[in-house]
Amino acid sequence: MTAQPLESTTAHTVAMLRERMRRLGEPTARRELATHPALADVVRLRAGGTYRVDTASLAFLLMAGPSREGAWTALVNTRDTGLEAAAGLGLDLDRTLVVPDAAEHWVEVTAALVEVAALVVLRPPPRVSAHAVSRLAARLRTREAALVVWGEWPRCDAELRLAGSQWLGAGHGEGRLRSRRTQVLVRRGAGPERRRALWLPGDDGEVRPEHEHEPRILTAS
Amino acid sequence: MSPSRTLAVWCPDWPVVAACAEAGVGTRAPAAVFRANLVTAGNAAARRYGIRRGMRRRDAQGRCPEVAVLPDDPDRDARAFEQVLTTIEALRPGVAAVRPGLAALPVPAAYYGGEAPAAAVLIEALVAEGVRDCRTGVADDLFTAEQAARTAPRQECVVVAPGGSPGFVGPLAVEVLEGMLEEGEETTQLVGLLRRLGVRTLADLARLPARDVHQRFGPLGARVHRLAGGTDAQLPVLREPPPDLVREVAFEPPLETVEAVCFSLRRTAEAFVEQIATRQLVCTRVRVEVECEASIGTTYAERSWAHVRWFGPGDLIDRVRWQLGAASTQGLGSPVSLVRLVPETVEPGFGEGLWGGAEELVDRQVAKVRALLGHDGVVVPVLQGGRSPADRQRLVPWGDRAPGGRDRALPWPGSIPGPAPSVVLAEPWPAVVEDAAGRVAVVSERGVMSGEPTRFRAREGEAWQTVAAWAGPWPVDELWWEPDPSHAETRRVARFQVVGADGRAWLMSCTMTSGDGRWWTEAGYE
């Protein structure tokens, strides 16, 4: 279909007006969701936001915040999750819904779960259409929920990833994995990357920030 | 002052009083009512001999050989209580029977010059009718009023000041719920569970967050929580329920026996409760209207019934049975042609006030997802005992009861201690682990490694990694995962934790055979 010049300017105006209405309708400050204390100074989840993570433990850590406050959370398309680890990070499994395989309905399923869950973790399929992204974004804006995408996603408010992970406790046949020190890197738009050194988990199973004075062990023994 | 205050009239040990009256025995002598050879109620004299509810008849007679053994008959209790209700009604219309032995009415304070005088007038009238032991309580809500009446001395009244309900019921032990909410089993379980959780008094219960109580104990818990917090009366009550909630059933030809009426009423009672529930409401006070075909034309009888919790279908049928049983003594024993159930008071049901329970909302969304994906599409995670990470978790369809999972408290030898893997593969990946000589590492049946693992590939397509550290083996016999289920068999496998040079760690397993080992990646520590 070819657009007439007149129509195109009309469409442009309509789009502009819609954008203005959207901005008017949007509360200036979205409600903040509870964030796990270990991440609190690098990222703050807001309702309506989309966040990207690269690992399961980061997804669980983000879920743990609202979950510990009594909110419902959900996992979509996650067949391969270690739920014991999730519970260990503070996720309340009694208030967690899991849709292991949403197949081609993943957009509808995520949209439905956003209605009840404060945070939905989604593993998107390899190819995501722009239509699906904008549809979910529109749904999120009207709800008090955040979306955490574990995988690839075109637009997001912040991107979290782990780097420099180091597992401690295993040797050469002896010992066992006990703790991991790692860095959480948070990129928000074009701003500088923020980083936080974490024990994920520490020796006692708890997640906590690594303190400056802790000596960095370079070799696992 | 709160607009409506409730007066509860309680006649203690009503089954005994009614049975004694029927049997022509005095109530001062020890007497008890038995069902299936167990004591269901005893009078004060019997209690002095140590006769308690639930005691066996032989034991009761052992303690007091002259105890009057009376049969249990709820219909008789209801019939006898009708007299009490009629007496109260003569003084103040609008009385509702809660159950035989307990009635509730709005306090006619203004007319009699105060709540206590009004209660005194009532008690006087009842004693004049021969109901010697009656006690009254006044409070904002029915539950507290009943508790107040139970603490009142004989023929006295205890008034709980407006807004004083939480303070009054708070110190009461949770066991008081048992007698009150009826529906024995469910309530008894709730009370037992609360006790085991260390919730001793209603104040303890009220201190818990409402949402948690609702999620753990369901609607009954939410109701009890409201009662315990004394907030029951603060709920917006629809004094005039919508007229379309009325349900009636006509009998053609009219039915002669109470049993036949109650039997035919079941469907109607269920429909009545259900249509109220679909509006997120519960009925706490119902009027039962009965029309009978008598030779002199149609006669008509009605009675209001209140419920401390709310009416379920079984409760409604019990009330109709009691009412018909009572009516038959008053010369209304003609065939019944119509029964009508009229809700007098409906309240927001299930817990969390205006918004409905969180669980109902979740239910609705889950139903949407299920419409797309089927029943098993939405699951909830449950942890259980087991050796491999995949065994230690289970997904149960939402709303289904998880049937006996493995006990997590058992030691599970062979399970791997320490942090749990954050990725547990539903289907393990075929992996390769090589030793320094470039051969696939093998674990012998006695658990000895052929050589130190030096490099590995977690799955095809992944890059080869140098082993930075490793731990294991943890040997275990188990039914090992097999792509073709017909080949599944008990095998001995050894598990390893393998850390790659890139900092990622994996849980891998190797079948323990004398020949070449097969490696699988079971889980990842992401």
# chains A, B, ... in the order shown; residues from 1 in each chain; ligands from 1
>>> closest_atom_pairs(of="chain B", to="chain A", cutoff="9 Å", atoms="only C-alpha atoms", output="Markdown table")
| residue | atom | partner | partner_atom | distance |
| --- | --- | --- | --- | --- |
| B:Arg211 | CA | A:Gly70 | CA | 8.6 |
| B:Asp212 | CA | A:Gly70 | CA | 8.3 |
| B:Ala358 | CA | A:Val116 | CA | 7.9 |
| B:Leu361 | CA | A:Val116 | CA | 6.7 |
| B:Val362 | CA | A:Val116 | CA | 5.8 |
| B:Gln365 | CA | A:Ala112 | CA | 5.8 |
| B:Val366 | CA | A:Leu113 | CA | 7.7 |
| B:Lys368 | CA | A:Ala112 | CA | 7.0 |
| B:Val369 | CA | A:Val109 | CA | 5.6 |
| B:Leu372 | CA | A:His105 | CA | 7.1 |
| B:Leu373 | CA | A:Ala102 | CA | 6.9 |
| B:Asp376 | CA | A:Val99 | CA | 8.6 |
| B:Gly377 | CA | A:Val99 | CA | 5.7 |
| B:Val378 | CA | A:Val99 | CA | 4.8 |
| B:Val379 | CA | A:Val98 | CA | 5.1 |
| B:Val380 | CA | A:Leu97 | CA | 5.2 |
| B:Pro381 | CA | A:Leu93 | CA | 6.1 |
| B:Val382 | CA | A:Leu93 | CA | 7.1 |
| B:Leu383 | CA | A:Glu84 | CA | 6.7 |
| B:Pro389 | CA | A:Gly82 | CA | 7.4 |
| B:Ala390 | CA | A:Gly82 | CA | 8.0 |
| B:Arg392 | CA | A:Glu84 | CA | 7.6 |
| B:Gln393 | CA | A:Leu83 | CA | 6.6 |
| B:Arg394 | CA | A:Leu83 | CA | 8.8 |
| B:Leu395 | CA | A:Val98 | CA | 8.2 |
| B:Trp398 | CA | A:Leu97 | CA | 7.9 |
| B:Ile416 | CA | A:Arg176 | CA | 8.4 |
| B:Pro417 | CA | A:Arg176 | CA | 7.8 |
| B:Gly418 | CA | A:Arg178 | CA | 5.7 |
| B:Pro419 | CA | A:Arg178 | CA | 6.5 |
| B:Ala420 | CA | A:Ala85 | CA | 4.7 |
| B:Pro421 | CA | A:Gly82 | CA | 5.7 |
| B:Ser422 | CA | A:Gly82 | CA | 4.3 |
| B:Val423 | CA | A:Thr81 | CA | 4.6 |
| B:Val424 | CA | A:Gly82 | CA | 4.8 |
| B:Leu425 | CA | A:Asp80 | CA | 4.6 |
| B:Ala426 | CA | A:Asp80 | CA | 5.6 |
| B:Glu427 | CA | A:Asp80 | CA | 8.4 |
| B:Glu452 | CA | A:His172 | CA | 8.0 |
| B:Pro453 | CA | A:His172 | CA | 8.9 |
| B:Ala468 | CA | A:Gly171 | CA | 8.5 |
| B:Ala469 | CA | A:Gly171 | CA | 5.2 |
| B:Trp470 | CA | A:His172 | CA | 5.2 |
| B:Ala471 | CA | A:Gly173 | CA | 4.3 |
| B:Gly472 | CA | A:Gly173 | CA | 5.5 |
| B:Pro473 | CA | A:Gly173 | CA | 7.4 |
| B:Phe496 | CA | A:Gly173 | CA | 8.6 |
| B:Gln497 | CA | A:Arg176 | CA | 7.2 |
| B:Val498 | CA | A:Ala170 | CA | 8.4 |
| B:Val499 | CA | A:Trp167 | CA | 7.4 |
| B:Asp502 | CA | A:Ser165 | CA | 8.1 |
| B:Gly503 | CA | A:Ser165 | CA | 5.2 |
| B:Arg504 | CA | A:Ser165 | CA | 7.1 |
| B:Ala505 | CA | A:Trp167 | CA | 7.3 |
| B:Ala523 | CA | A:Gly82 | CA | 8.0 |
| B:Gly524 | CA | A:Gly82 | CA | 8.7 |
| B:Tyr525 | CA | A:Ser57 | CA | 8.4 |
| B:Glu526 | CA | A:Thr55 | CA | 5.9 |
>>> select_by_dssp(residues="region 136-265 of chain B", states="strand (DSSP E or B)", output="ChimeraX atom specification")
/B:136-139,157-159,173,201,238,247-255
>>> atom_distance(atom1="CA of Ala80 (chain B)", atom2="CA of Val339 (chain B)")
21.8 Å
>>> atom_distance(atom1="CA of Thr511 (chain B)", atom2="CA of Val443 (chain B)")
7.5 Å
>>> residues_around(residues="Ala326 (chain B)", least_positions_apart="3", cutoff="12 Å", atoms="only C-alpha atoms", output="JSON, numbers by chain")
{"B": [74, 75, 76, 77, 78, 79, 80, 81, 82, 83, 84, 85, 86, 100, 258, 301, 302, 303, 319, 320, 321, 322, 323, 329, 330, 331, 332, 333]}
>>> write_last_selection(atoms="N, CA and C atoms", output="compact mmCIF listing (two decimals), in the first residue's frame")
# COMPACT_ATOMS: atom_id res chain seq x y z
N PRO B 74 -30.70 -33.86 67.27
CA PRO B 74 -30.68 -32.43 66.95
C PRO B 74 -32.06 -31.87 66.65
N ASP B 75 -32.93 -32.67 66.06
CA ASP B 75 -34.28 -32.17 65.76
C ASP B 75 -35.03 -31.83 67.03
N ARG B 76 -34.87 -32.69 68.03
CA ARG B 76 -35.53 -32.43 69.31
C ARG B 76 -35.00 -31.14 69.91
N ASP B 77 -33.66 -30.94 69.81
CA ASP B 77 -33.07 -29.72 70.36
C ASP B 77 -33.66 -28.49 69.67
N ALA B 78 -33.81 -28.59 68.35
CA ALA B 78 -34.35 -27.46 67.60
C ALA B 78 -35.80 -27.21 67.99
N ARG B 79 -36.54 -28.31 68.13
CA ARG B 79 -37.96 -28.17 68.52
C ARG B 79 -38.07 -27.45 69.85
N ALA B 80 -37.26 -27.90 70.80
CA ALA B 80 -37.34 -27.32 72.14
C ALA B 80 -36.91 -25.86 72.11
N PHE B 81 -35.96 -25.54 71.24
CA PHE B 81 -35.45 -24.18 71.20
C PHE B 81 -36.46 -23.22 70.59
N GLU B 82 -37.38 -23.77 69.82
CA GLU B 82 -38.40 -22.94 69.20
C GLU B 82 -39.15 -22.13 70.24
N GLN B 83 -39.35 -22.74 71.38
CA GLN B 83 -40.06 -22.06 72.47
C GLN B 83 -39.29 -20.82 72.92
N VAL B 84 -37.97 -20.98 73.03
CA VAL B 84 -37.13 -19.86 73.43
C VAL B 84 -37.23 -18.75 72.39
N LEU B 85 -37.16 -19.15 71.12
CA LEU B 85 -37.20 -18.16 70.05
C LEU B 85 -38.52 -17.40 70.06
N THR B 86 -39.60 -18.14 70.26
CA THR B 86 -40.92 -17.50 70.28
C THR B 86 -40.99 -16.49 71.42
N PRO B 100 -29.49 -24.58 67.76
CA PRO B 100 -30.24 -24.83 68.99
C PRO B 100 -29.37 -24.48 70.18
N VAL B 258 -40.08 -34.77 56.73
CA VAL B 258 -38.96 -33.83 56.78
C VAL B 258 -37.82 -34.36 55.92
N ALA B 301 -44.87 -20.51 57.40
CA ALA B 301 -44.02 -20.36 58.59
C ALA B 301 -42.66 -19.87 58.13
N GLU B 302 -42.08 -18.99 58.89
CA GLU B 302 -40.74 -18.53 58.53
C GLU B 302 -39.90 -18.37 59.78
N ARG B 303 -38.60 -18.45 59.57
CA ARG B 303 -37.68 -18.27 60.69
C ARG B 303 -36.36 -17.80 60.10
N ARG B 319 -30.73 -26.29 58.83
CA ARG B 319 -31.64 -25.27 59.38
C ARG B 319 -33.07 -25.58 58.97
N VAL B 320 -33.25 -25.99 57.72
CA VAL B 320 -34.60 -26.31 57.25
C VAL B 320 -35.14 -27.50 58.05
N ARG B 321 -34.27 -28.49 58.27
CA ARG B 321 -34.70 -29.66 59.04
C ARG B 321 -35.14 -29.26 60.44
N TRP B 322 -34.32 -28.43 61.08
CA TRP B 322 -34.67 -28.00 62.43
C TRP B 322 -35.97 -27.23 62.43
N GLN B 323 -36.11 -26.37 61.44
CA GLN B 323 -37.30 -25.53 61.41
C GLN B 323 -38.56 -26.37 61.18
N THR B 329 -44.30 -29.54 65.84
CA THR B 329 -44.87 -29.58 67.18
C THR B 329 -45.95 -28.53 67.35
N GLN B 330 -45.97 -27.56 66.45
CA GLN B 330 -46.92 -26.46 66.64
C GLN B 330 -48.12 -26.60 65.73
N GLY B 331 -48.41 -27.78 65.35
CA GLY B 331 -49.61 -28.01 64.56
C GLY B 331 -49.47 -27.58 63.12
N LEU B 332 -48.23 -27.41 62.65
CA LEU B 332 -48.04 -27.07 61.25
C LEU B 332 -47.60 -28.30 60.48
N GLY B 333 -47.92 -29.44 61.02
CA GLY B 333 -47.39 -30.67 60.44
C GLY B 333 -48.10 -31.11 59.18
>>> atom_distance(atom1="CA of Gly385 (chain B)", atom2="CA of Asp407 (chain B)")
5.0 Å
>>> residues_around(residues="Val53 (chain A)", least_positions_apart="2", cutoff="12 Å", atoms="only C-alpha atoms", output="number ranges by chain")
A: 50-51, 55-63, 121-124, 147-153, 156-163, 184-187; B: 526
>>> residues_around(residues="Ala47 (chain A)", least_positions_apart="3", cutoff="7 Å", atoms="only C-alpha atoms", output="VMD selection string")
chain A and resid 30 to 33 144 to 146
>>> write_last_selection(atoms="C-alpha atoms", output="mmCIF file, in the first residue's frame")
data_model
loop_
_atom_site.group_PDB
_atom_site.id
_atom_site.type_symbol
_atom_site.label_atom_id
_atom_site.label_comp_id
_atom_site.auth_asym_id
_atom_site.auth_seq_id
_atom_site.Cartn_x
_atom_site.Cartn_y
_atom_site.Cartn_z
ATOM 1 C CA ARG A 30 6.453 4.360 38.620
ATOM 2 C CA ARG A 31 6.083 2.376 41.776
ATOM 3 C CA GLU A 32 9.303 0.842 42.887
ATOM 4 C CA LEU A 33 9.402 -2.911 43.413
ATOM 5 C CA GLU A 144 2.111 -2.850 38.440
ATOM 6 C CA ALA A 145 4.561 -5.450 37.233
ATOM 7 C CA ALA A 146 8.070 -5.697 35.890
#
>>> closest_residue(among="B:Pro335, B:Gly374, B:Gly26, B:Pro397", to="Glu252 (chain B)", atoms="only C-alpha atoms")
B:Pro335
>>> closest_residue(among="B:Ser388, B:Thr27, B:Thr187, B:Ser165", to="Leu220 (chain B)", atoms="only C-alpha atoms")
B:Thr187
>>> select_by_dssp(residues="region 86-185 of chain B", states="helix (DSSP H, G or I)", output="ChimeraX atom specification")
/B:86-91,109-112,115-128,142-151,165-169,176-180,184-185
